[in-house]
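Visitor: If you scroll down you'll find the structure; I have some questions about it.
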Amino acid sequence: MQSDTSHEAPTPLERYIEQLRAMEIDIEAMDAQAARIRQDNLEFVLVVATDEPAFFQLMLPGVWQAAAATNRTLLLETANDVMNTLKAAKLVVHNEAVHVSVEQFVEGPDQGVALIPGLLELLKSAVAEFQERLGMGEAPRVH
């Protein structure tokens with residue numbers, strides 16, 4: 001008699017989702033490698049590759065919108081200053097928006113899950129630091 005093999009082991013992302021929900025963090029899968037985390041009226045994105053469970057990226061996209069008149073040099077200098085201040089957080093200026101993220105190598109989802117609450121706070125701190133220096137930015141565009 002064969003054993004039932006229909007119960008596959010959860011993917012690394014599924015393990016993150018299960019454990020973060022147990023911590024009462026609002027999280028839902030977006031696709032096989034990404035999940036949306038909602039906290040303090042912000043939407044974070046957690047990316048965990050199925051083939052590399054030792055690495056994850058936590059992003060907060062579109063945290064600051066530039067206007068046409070925004071001084072791009074000042075924008076880039078501020079992004080670099082915030083990165084240098086906070087060390088772990090990366091700020092990316094792409095098109096008219098600023099995105100903030102952090103990337104980590106971990107032993108696996110269990111260690112990654114333990115880091116997520118602190119990293120959410122780190123990303124919120126990066127946004128606050130950026131907004132303190134440049135203001136709130138333009139209202140985000142609705143597509």
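Letters for chains follow the order of the structure tokens (A, B, ...), residue numbers begin at 1 for each chain, and ligand numbers begin at 1 in the order shown.
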Per DSSP on the backbone, filter chain A down to the residues in helix (DSSP H, G or I) and report them as a ChimeraX atom specification.
Guide: /A:12-22,72-86,109-134
Visitor: Write the selection just made, keeping C-alpha atoms, as a PDB file, in the first residue's frame?
Guide:
ATOM      1  CA  PRO A  12       9.319  28.646   2.195  1.00  0.00           C
ATOM      2  CA  LEU A  13       6.805  31.462   1.563  1.00  0.00           C
ATOM      3  CA  GLU A  14       3.936  29.347   2.910  1.00  0.00           C
ATOM      4  CA  ARG A  15       5.967  28.764   6.071  1.00  0.00           C
ATOM      5  CA  TYR A  16       6.504  32.536   6.445  1.00  0.00           C
ATOM      6  CA  ILE A  17       2.790  33.190   5.942  1.00  0.00           C
ATOM      7  CA  GLU A  18       1.712  30.526   8.435  1.00  0.00           C
ATOM      8  CA  GLN A  19       4.127  31.676  11.144  1.00  0.00           C
ATOM      9  CA  LEU A  20       3.518  35.407  10.632  1.00  0.00           C
ATOM     10  CA  ARG A  21      -0.257  34.883  10.802  1.00  0.00           C
ATOM     11  CA  ALA A  22       0.299  33.066  14.103  1.00  0.00           C
ATOM     12  CA  ARG A  72      16.541  64.969  -8.458  1.00  0.00           C
ATOM     13  CA  THR A  73      20.020  65.601  -7.041  1.00  0.00           C
ATOM     14  CA  LEU A  74      18.534  66.417  -3.641  1.00  0.00           C
ATOM     15  CA  LEU A  75      16.307  63.343  -3.908  1.00  0.00           C
ATOM     16  CA  LEU A  76      19.288  61.058  -4.583  1.00  0.00           C
ATOM     17  CA  GLU A  77      21.428  62.702  -1.891  1.00  0.00           C
ATOM     18  CA  THR A  78      18.632  62.263   0.644  1.00  0.00           C
ATOM     19  CA  ALA A  79      18.157  58.608  -0.321  1.00  0.00           C
ATOM     20  CA  ASN A  80      21.899  58.026   0.144  1.00  0.00           C
ATOM     21  CA  ASP A  81      21.942  59.895   3.467  1.00  0.00           C
ATOM     22  CA  VAL A  82      19.067  57.807   4.824  1.00  0.00           C
ATOM     23  CA  MET A  83      20.762  54.593   3.661  1.00  0.00           C
ATOM     24  CA  ASN A  84      24.003  55.641   5.333  1.00  0.00           C
ATOM     25  CA  THR A  85      22.144  56.538   8.532  1.00  0.00           C
ATOM     26  CA  LEU A  86      20.138  53.326   8.793  1.00  0.00           C
ATOM     27  CA  PRO A 109      12.028  30.662   7.317  1.00  0.00           C
ATOM     28  CA  ASP A 110      12.043  30.224  11.105  1.00  0.00           C
ATOM     29  CA  GLN A 111      14.915  32.679  11.520  1.00  0.00           C
ATOM     30  CA  GLY A 112      13.452  34.986   8.856  1.00  0.00           C
ATOM     31  CA  VAL A 113      10.071  35.110  10.592  1.00  0.00           C
ATOM     32  CA  ALA A 114      11.770  36.130  13.835  1.00  0.00           C
ATOM     33  CA  LEU A 115      13.381  39.092  12.028  1.00  0.00           C
ATOM     34  CA  ILE A 116      10.285  40.365  10.190  1.00  0.00           C
ATOM     35  CA  PRO A 117       8.710  42.474  13.000  1.00  0.00           C
ATOM     36  CA  GLY A 118      11.958  44.398  13.548  1.00  0.00           C
ATOM     37  CA  LEU A 119      12.498  44.829   9.814  1.00  0.00           C
ATOM     38  CA  LEU A 120       8.988  46.224   9.375  1.00  0.00           C
ATOM     39  CA  GLU A 121       9.906  48.848  11.982  1.00  0.00           C
ATOM     40  CA  LEU A 122      13.229  49.520  10.224  1.00  0.00           C
ATOM     41  CA  LEU A 123      11.461  50.214   6.927  1.00  0.00           C
ATOM     42  CA  LYS A 124       8.948  52.493   8.651  1.00  0.00           C
ATOM     43  CA  SER A 125      11.882  54.351  10.242  1.00  0.00           C
ATOM     44  CA  ALA A 126      13.510  54.769   6.836  1.00  0.00           C
ATOM     45  CA  VAL A 127      10.298  56.266   5.453  1.00  0.00           C
ATOM     46  CA  ALA A 128       9.949  58.604   8.440  1.00  0.00           C
ATOM     47  CA  GLU A 129      13.579  59.704   8.097  1.00  0.00           C
ATOM     48  CA  PHE A 130      13.146  60.339   4.371  1.00  0.00           C
ATOM     49  CA  GLN A 131       9.900  62.270   4.868  1.00  0.00           C
ATOM     50  CA  GLU A 132      11.430  64.311   7.675  1.00  0.00           C
ATOM     51  CA  ARG A 133      14.109  65.486   5.261  1.00  0.00           C
ATOM     52  CA  LEU A 134      12.028  66.002   2.111  1.00  0.00           C
TER      53      LEU A 134
END
Visitor: Just the residues within 9 Å of Val92 of chain A, please, counting only C-alpha atoms, with nothing from its chain fewer than 2 positions along; format it as a list in words.
Guide: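 Residues meeting the cut-off are Leu76, Ala79, Lys90, His94, Ala97, Val98, His99, Val100 and Ser101 of chain A.
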Visitor: Can I get the selected residues back with N, CA and C atoms, as a compact mmCIF listing (two decimals), in the first residue's frame?
Guide:
# COMPACT_ATOMS: atom_id res chain seq x y z
N LEU A 76 18.27 62.12 -4.65
CA LEU A 76 19.29 61.06 -4.58
C LEU A 76 20.19 61.22 -3.37
N ALA A 79 18.24 60.07 -0.35
CA ALA A 79 18.16 58.61 -0.32
C ALA A 79 19.47 58.01 0.18
N LYS A 90 17.68 49.80 2.20
CA LYS A 90 18.08 50.31 0.89
C LYS A 90 16.95 51.15 0.34
N HIS A 94 13.17 55.01 -8.47
CA HIS A 94 12.84 54.45 -9.78
C HIS A 94 11.69 55.25 -10.36
N ALA A 97 9.20 57.45 -8.16
CA ALA A 97 8.89 56.95 -6.82
C ALA A 97 10.14 56.48 -6.08
N VAL A 98 10.06 56.56 -4.76
CA VAL A 98 11.11 56.04 -3.89
C VAL A 98 10.56 54.77 -3.25
N HIS A 99 11.36 53.71 -3.29
CA HIS A 99 11.01 52.43 -2.69
C HIS A 99 12.07 52.14 -1.63
N VAL A 100 11.68 51.48 -0.55
CA VAL A 100 12.63 51.13 0.50
C VAL A 100 12.55 49.61 0.72
N SER A 101 13.70 48.98 0.95
CA SER A 101 13.71 47.54 1.14
C SER A 101 14.87 47.12 2.03
Visitor: So how many Å separate atom CA of Met23 of chain A and atom CA of Trp64 of chain A, to one decimal?
Guide: 28.7 Å
Visitor: Show which residues sit within 12 Å of Asn41 of chain A, as a PyMOL selection string. Count only C-alpha atoms, and ignore same-chain residues fewer than 6 positions away.
Guide: chain A and resi 26+60+63+124
Visitor: DSSP on the backbone, then: every residue of segment 1-124 of chain A marked strand (DSSP E), written as a PyMOL selection string.
Guide: chain A and resi 26-29+34-39+42-48+55-65+90-94+97-105
Visitor: In Å to one decimal, how far is atom CA of Asp40 of chain A from atom CA of Glu103 of chain A?
Guide: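 Interatomic distance here is 21.2 Å.
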Visitor: Could you state the separation of atom CA of Gln104 of chain A and atom CA of Glu8 of chain A in Å, given to one decimal place?
Guide: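 The value is 26.1 Å.
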Visitor: Within 8 Å of Gly108 of chain A, counting only C-alpha atoms, which residues show up once you throw out same-chain ones fewer than 5 positions away? Write them as a compact mmCIF listing (two decimals) with N, CA and C atoms, in the first residue's frame, please.
Guide:
# COMPACT_ATOMS: atom_id res chain seq x y z
N PRO A 12 8.78 27.68 1.22
CA PRO A 12 9.32 28.65 2.19
C PRO A 12 8.35 29.81 2.44
N PRO A 53 15.47 29.41 -0.01
CA PRO A 53 14.78 29.78 1.23
C PRO A 53 15.67 30.51 2.24
N ALA A 54 16.97 30.57 1.99
CA ALA A 54 17.87 31.26 2.91
C ALA A 54 17.92 32.77 2.65
N PHE A 55 17.18 33.25 1.66
CA PHE A 55 17.22 34.67 1.30
C PHE A 55 15.80 35.21 1.21
Visitor: Could you tell me which of A:Val93, A:Pro61, A:Met30, A:Ala67 comes closest to Val48 of chain A if we count only C-alpha atoms?
Guide: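 Among the listed residues, the smallest separation from Val48 of chain A belongs to A:Met30.
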Visitor: Between A:Lys87, A:Ile25, A:Arg36, A:Val102, which has the minimum distance to Met59 of chain A (counting only C-alpha atoms)?
Guide: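 Closest residue, counting only C-alpha atoms: A:Val102.
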Visitor: Between A:Val45, A:Ala32, A:Ala9, A:Ala66, single out the one closest to Gly135 of chain A, counting only C-alpha atoms.
Guide: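 That would be A:Ala66, the residue with the smallest distance to Gly135 of chain A.
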